Amino acid sequence: MRSSPLESRHRALGAKLVPFGGWEMPLSYPSGTLAEHRACRADAVVFDVSHLGTLRVSGPEALDRLQQAFTNDLARIGPGRTQYTHLLDEDGSVLDDIIVWWAEPDCFDVMPNASNTDRVAAALGAADAGAGFQAVDATAGRAVLAVQGPEARARLAEVLPEASEVPRNRVAPVEWEGAALVVAGTGYTGEDGVEIAVPAEAAGRLWDAVTAAGIAPAGLGARDTLRLEKGLPLHGHELGPGITPLQAGLGWVVRWDKPSFRGRDALVQERERGVHRLLRGLRVAGRRPPREGQAVLRAGEIVGEVTSGNFSPMLETGIALAFTPPDVEIGDELAVDTRGTPTPATVVALPFV
């Protein structure tokens with residue numbers, strides 16, 4: 001089990017630490033997930049997301065390697081920008097969903113999910129290093145702080161004014177007290193904010209400065225309910241083996257005009273024949289949270305399965321993402337089998353909030 005460079009800070013704050021993707025990470029602090037969630041929607045919070053991977057991909061061949069691997073098209077952006085993309089298996093299913101930070105002309109920080117760093121490195125050919133291409137796992141040498149919320153930039157400006165000014169979907173180097181940071185206008189809450197990669201030896205000092213500016217710590221429990229309210233997919237739930245971008249409603253991340261990328265042929269075949277299921281949002285009656293794996297019913301018959309479900313702190317009702325037949329439409333009335341009881345659920349447009 002790996003631990004964050006900020007582990008001692010979390011323990012001192014009374015965080016509940018849990019295993020996540022091979023790491024021991026804070027689920028919540030004494031304030032609780034509901035309070036942390038609402039603080040992010042109304043003000044600003046900071047998450048430790050050091051469990052995310054960082055592959056430093058560099059060299060004159062780096063861009064071509066990434067273009068051959070990923071579904072999105074880096075030619076649509078350029079250095080100093082970020083891009084959401086997918087890495088597929090040969091059957092078209094999503095091996096991982098990734099944010100690429102294009103830091104310098106020949107240098108990219110590829111940010112996989114916690115448990116997928118080795119798989120992504122292998123798919124990129126990290127073992128085939130040479131003068132033109134290198135892929136180095138830089139995860140252990142840094143921490144990543146995600147400062148999120150409508151007041152995130154204003155509060156961060158008290159500590160890191162340059163970081164607070166990095167626009168959405170941009171990435172820039174920032175120096176702070178002698179430490180070289182990389183700051184990206186990205187996040188996973190649906191709110192404004194930035195993510196800050198900081199050398200491990202400076203991470204504790206930066207955490208202390210950020211929290212002293214009135215930015216409350218929040219754990220992965222709130223990060224999950226925040227992303228769910230925004231309808232954002234989580235690998236292992238809405239993405240993963242057997243799940244393609246088209247089934248997950250993420251066809252926009254696929255650039256069909258690219259002549260090749262890993263898994264393209266299988267995805268083209270699925271596009272031509274049509275998907276057999278689609279990801280939908282369900283607003284469930286009452287406060288009981290639906291849970292992953294529960295059956296989705298239509299006229300008493302099982303037609304799908306919940307992939308993620310929870311109580312929405314903002315709507316104060318149950319919400320879920322679920323795969324259903326492609327003919328299910330927004331406004332349809334279905335049900336979720338919650339503990340053996342069919343609970344009415346309405347298909348709604350995403351995001352929930």
# chains A, B, ... in the order shown; residues from 1 in each chain; ligands from 1
>>> residues_around(residues="Val49 (chain A)", least_positions_apart="6", cutoff="8 Å", atoms="only C-alpha atoms", output="list of chain:residue names")
A:Ala143, A:Val144, A:Leu145, A:Ala146
>>> select_by_dssp(residues="region 88-313 of chain A", states="strand (DSSP E)", output="ChimeraX atom specification")
/A:88,94-104,107-111,134-137,142-148,171-176,179-184,193-199,216-217,278-284,295-298,301-312
>>> write_last_selection(atoms="C-alpha atoms", output="mmCIF file, in the first residue's frame")
data_model
loop_
_atom_site.group_PDB
_atom_site.id
_atom_site.type_symbol
_atom_site.label_atom_id
_atom_site.label_comp_id
_atom_site.auth_asym_id
_atom_site.auth_seq_id
_atom_site.Cartn_x
_atom_site.Cartn_y
_atom_site.Cartn_z
ATOM 1 C CA LEU A 88 -8.423 1.905 -25.539
ATOM 2 C CA VAL A 94 -11.528 1.993 -22.270
ATOM 3 C CA LEU A 95 -8.291 0.868 -20.653
ATOM 4 C CA ASP A 96 -8.075 4.275 -18.993
ATOM 5 C CA ASP A 97 -9.322 7.830 -19.243
ATOM 6 C CA ILE A 98 -6.523 10.326 -18.975
ATOM 7 C CA ILE A 99 -5.695 14.010 -18.735
ATOM 8 C CA VAL A 100 -2.643 15.073 -20.722
ATOM 9 C CA TRP A 101 -0.779 18.171 -19.510
ATOM 10 C CA TRP A 102 1.246 19.406 -22.512
ATOM 11 C CA ALA A 103 3.844 21.221 -20.445
ATOM 12 C CA GLU A 104 6.563 21.962 -23.043
ATOM 13 C CA CYS A 107 7.332 17.158 -22.791
ATOM 14 C CA PHE A 108 3.948 15.847 -21.621
ATOM 15 C CA ASP A 109 2.633 14.838 -18.198
ATOM 16 C CA VAL A 110 0.227 11.963 -18.809
ATOM 17 C CA MET A 111 -2.073 11.544 -15.792
ATOM 18 C CA GLN A 134 11.191 8.451 -22.915
ATOM 19 C CA ALA A 135 8.315 7.683 -20.522
ATOM 20 C CA VAL A 136 9.284 7.965 -16.866
ATOM 21 C CA ASP A 137 6.976 7.272 -13.919
ATOM 22 C CA ARG A 142 5.541 14.657 -6.272
ATOM 23 C CA ALA A 143 2.181 15.279 -4.626
ATOM 24 C CA VAL A 144 -0.882 16.675 -6.415
ATOM 25 C CA LEU A 145 -3.258 19.110 -4.711
ATOM 26 C CA ALA A 146 -6.631 19.842 -6.317
ATOM 27 C CA VAL A 147 -8.032 23.209 -5.195
ATOM 28 C CA GLN A 148 -11.670 23.329 -6.286
ATOM 29 C CA VAL A 171 -0.947 24.298 -17.800
ATOM 30 C CA ALA A 172 1.984 26.410 -16.648
ATOM 31 C CA PRO A 173 5.150 26.224 -14.524
ATOM 32 C CA VAL A 174 5.029 28.221 -11.278
ATOM 33 C CA GLU A 175 7.751 28.744 -8.685
ATOM 34 C CA TRP A 176 6.852 28.872 -4.995
ATOM 35 C CA ALA A 179 9.940 24.746 -5.417
ATOM 36 C CA ALA A 180 9.130 24.172 -9.099
ATOM 37 C CA LEU A 181 5.389 23.531 -9.430
ATOM 38 C CA VAL A 182 3.270 22.557 -12.435
ATOM 39 C CA VAL A 183 -0.254 23.998 -12.316
ATOM 40 C CA ALA A 184 -3.162 22.958 -14.551
ATOM 41 C CA GLY A 193 -10.115 25.411 -9.820
ATOM 42 C CA VAL A 194 -6.630 24.085 -10.453
ATOM 43 C CA GLU A 195 -4.508 21.033 -9.795
ATOM 44 C CA ILE A 196 -0.970 21.605 -8.516
ATOM 45 C CA ALA A 197 1.891 19.124 -8.892
ATOM 46 C CA VAL A 198 4.446 19.911 -6.190
ATOM 47 C CA PRO A 199 7.751 18.157 -5.372
ATOM 48 C CA ALA A 216 -10.879 23.373 3.736
ATOM 49 C CA PRO A 217 -9.499 19.826 3.307
ATOM 50 C CA LEU A 278 -26.029 3.756 -23.189
ATOM 51 C CA LEU A 279 -25.103 5.458 -19.945
ATOM 52 C CA ARG A 280 -28.016 7.407 -18.444
ATOM 53 C CA GLY A 281 -28.645 9.503 -15.359
ATOM 54 C CA LEU A 282 -31.369 8.438 -12.924
ATOM 55 C CA ARG A 283 -32.921 10.606 -10.231
ATOM 56 C CA VAL A 284 -34.304 8.226 -7.647
ATOM 57 C CA ALA A 295 -30.768 -3.684 -11.171
ATOM 58 C CA VAL A 296 -32.598 -1.094 -13.254
ATOM 59 C CA LEU A 297 -36.180 -2.117 -14.047
ATOM 60 C CA ARG A 298 -38.640 -1.173 -16.776
ATOM 61 C CA GLU A 301 -38.164 -6.365 -16.132
ATOM 62 C CA ILE A 302 -34.426 -5.935 -15.599
ATOM 63 C CA VAL A 303 -33.045 -3.737 -18.382
ATOM 64 C CA GLY A 304 -29.840 -2.370 -16.897
ATOM 65 C CA GLU A 305 -27.527 -1.943 -13.936
ATOM 66 C CA VAL A 306 -26.376 0.926 -11.752
ATOM 67 C CA THR A 307 -22.680 1.744 -12.223
ATOM 68 C CA SER A 308 -22.472 4.505 -9.586
ATOM 69 C CA GLY A 309 -25.070 5.661 -7.099
ATOM 70 C CA ASN A 310 -25.234 7.828 -4.000
ATOM 71 C CA PHE A 311 -27.140 10.482 -2.107
ATOM 72 C CA SER A 312 -26.870 13.906 -3.744
#
>>> residues_around(residues="Glu151 (chain A)", least_positions_apart="4", cutoff="10 Å", atoms="only C-alpha atoms", output="list in words")
Ala39, Cys40, Arg41, Ala42, Asp43, Ala44, Val45, Val147, Arg155, Leu156, Glu191, Asp192, Gly193 and Ile215 of chain A
>>> residues_around(residues="Pro351 (chain A)", least_positions_apart="6", cutoff="7 Å", atoms="only C-alpha atoms", output="PyMOL selection string")
chain A and resi 229-231
>>> write_last_selection(atoms="N, CA, C and O atoms", output="short mmCIF file (atom, residue, chain, number, x, y, z; two decimals), in the first residue's frame")
data_model
loop_
_atom_site.label_atom_id
_atom_site.label_comp_id
_atom_site.auth_asym_id
_atom_site.auth_seq_id
_atom_site.Cartn_x
_atom_site.Cartn_y
_atom_site.Cartn_z
N GLU A 229 -22.57 14.01 -9.12
CA GLU A 229 -23.57 15.05 -9.40
C GLU A 229 -23.35 15.70 -10.76
O GLU A 229 -24.31 16.15 -11.39
N LYS A 230 -22.11 15.75 -11.23
CA LYS A 230 -21.81 16.34 -12.53
C LYS A 230 -21.83 15.31 -13.66
O LYS A 230 -21.55 15.66 -14.81
N GLY A 231 -22.15 14.07 -13.34
CA GLY A 231 -22.23 13.03 -14.37
C GLY A 231 -20.90 12.65 -14.96
O GLY A 231 -20.83 12.16 -16.09
#
>>> closest_residue(among="A:Glu270, A:Asp73, A:Glu292, A:Asp64", to="Leu246 (chain A)", atoms="only C-alpha atoms")
A:Glu270
>>> closest_residue(among="A:Asp106, A:Glu201, A:Asp128, A:Glu158", to="Gly80 (chain A)", atoms="only C-alpha atoms")
A:Asp106
>>> residues_around(residues="Tyr188 (chain A)", least_positions_apart="4", cutoff="8 Å", atoms="only C-alpha atoms", output="list of chain:residue names")
A:Arg223, A:Leu226, A:Arg227, A:Leu232
>>> residues_around(residues="Gly331 (chain A)", least_positions_apart="2", cutoff="8 Å", atoms="only C-alpha atoms", output="short mmCIF file (atom, residue, chain, number, x, y, z; two decimals) with C-alpha atoms, in the first residue's frame")
data_model
loop_
_atom_site.label_atom_id
_atom_site.label_comp_id
_atom_site.auth_asym_id
_atom_site.auth_seq_id
_atom_site.Cartn_x
_atom_site.Cartn_y
_atom_site.Cartn_z
CA GLU A 329 -34.98 8.36 -23.25
CA GLU A 333 -39.93 6.33 -15.72
CA THR A 346 -36.72 9.15 -13.64
CA VAL A 347 -34.23 9.34 -16.50
CA VAL A 348 -32.79 12.87 -16.43
#
>>> atom_distance(atom1="CA of Arg288 (chain A)", atom2="CA of Gly300 (chain A)")
19.8 Å
>>> closest_atom_pairs(of="region 220-319 of chain A", to="region 16-36 of chain A", cutoff="8 Å", atoms="only C-alpha atoms", output="JSON lines")
{"residue": "A:Leu220", "atom": "CA", "partner": "A:Leu27", "partner_atom": "CA", "distance": 4.7}
{"residue": "A:Gly221", "atom": "CA", "partner": "A:Leu27", "partner_atom": "CA", "distance": 5.1}
{"residue": "A:Ala222", "atom": "CA", "partner": "A:Thr33", "partner_atom": "CA", "distance": 5.1}
{"residue": "A:Pro313", "atom": "CA", "partner": "A:Leu34", "partner_atom": "CA", "distance": 6.1}
>>> select_by_dssp(residues="region 55-238 of chain A", states="helix (DSSP H, G or I)", output="PyMOL selection string")
chain A and resi 62-69+74-76+114-123+139-141+152-156+161-164+200-212+220-229
>>> atom_distance(atom1="CA of Ile330 (chain A)", atom2="CA of Ala345 (chain A)")
11.3 Å
>>> closest_residue(among="A:Val275, A:Asp91, A:Ala157, A:Pro289", to="Ala213 (chain A)", atoms="only C-alpha atoms")
A:Ala157
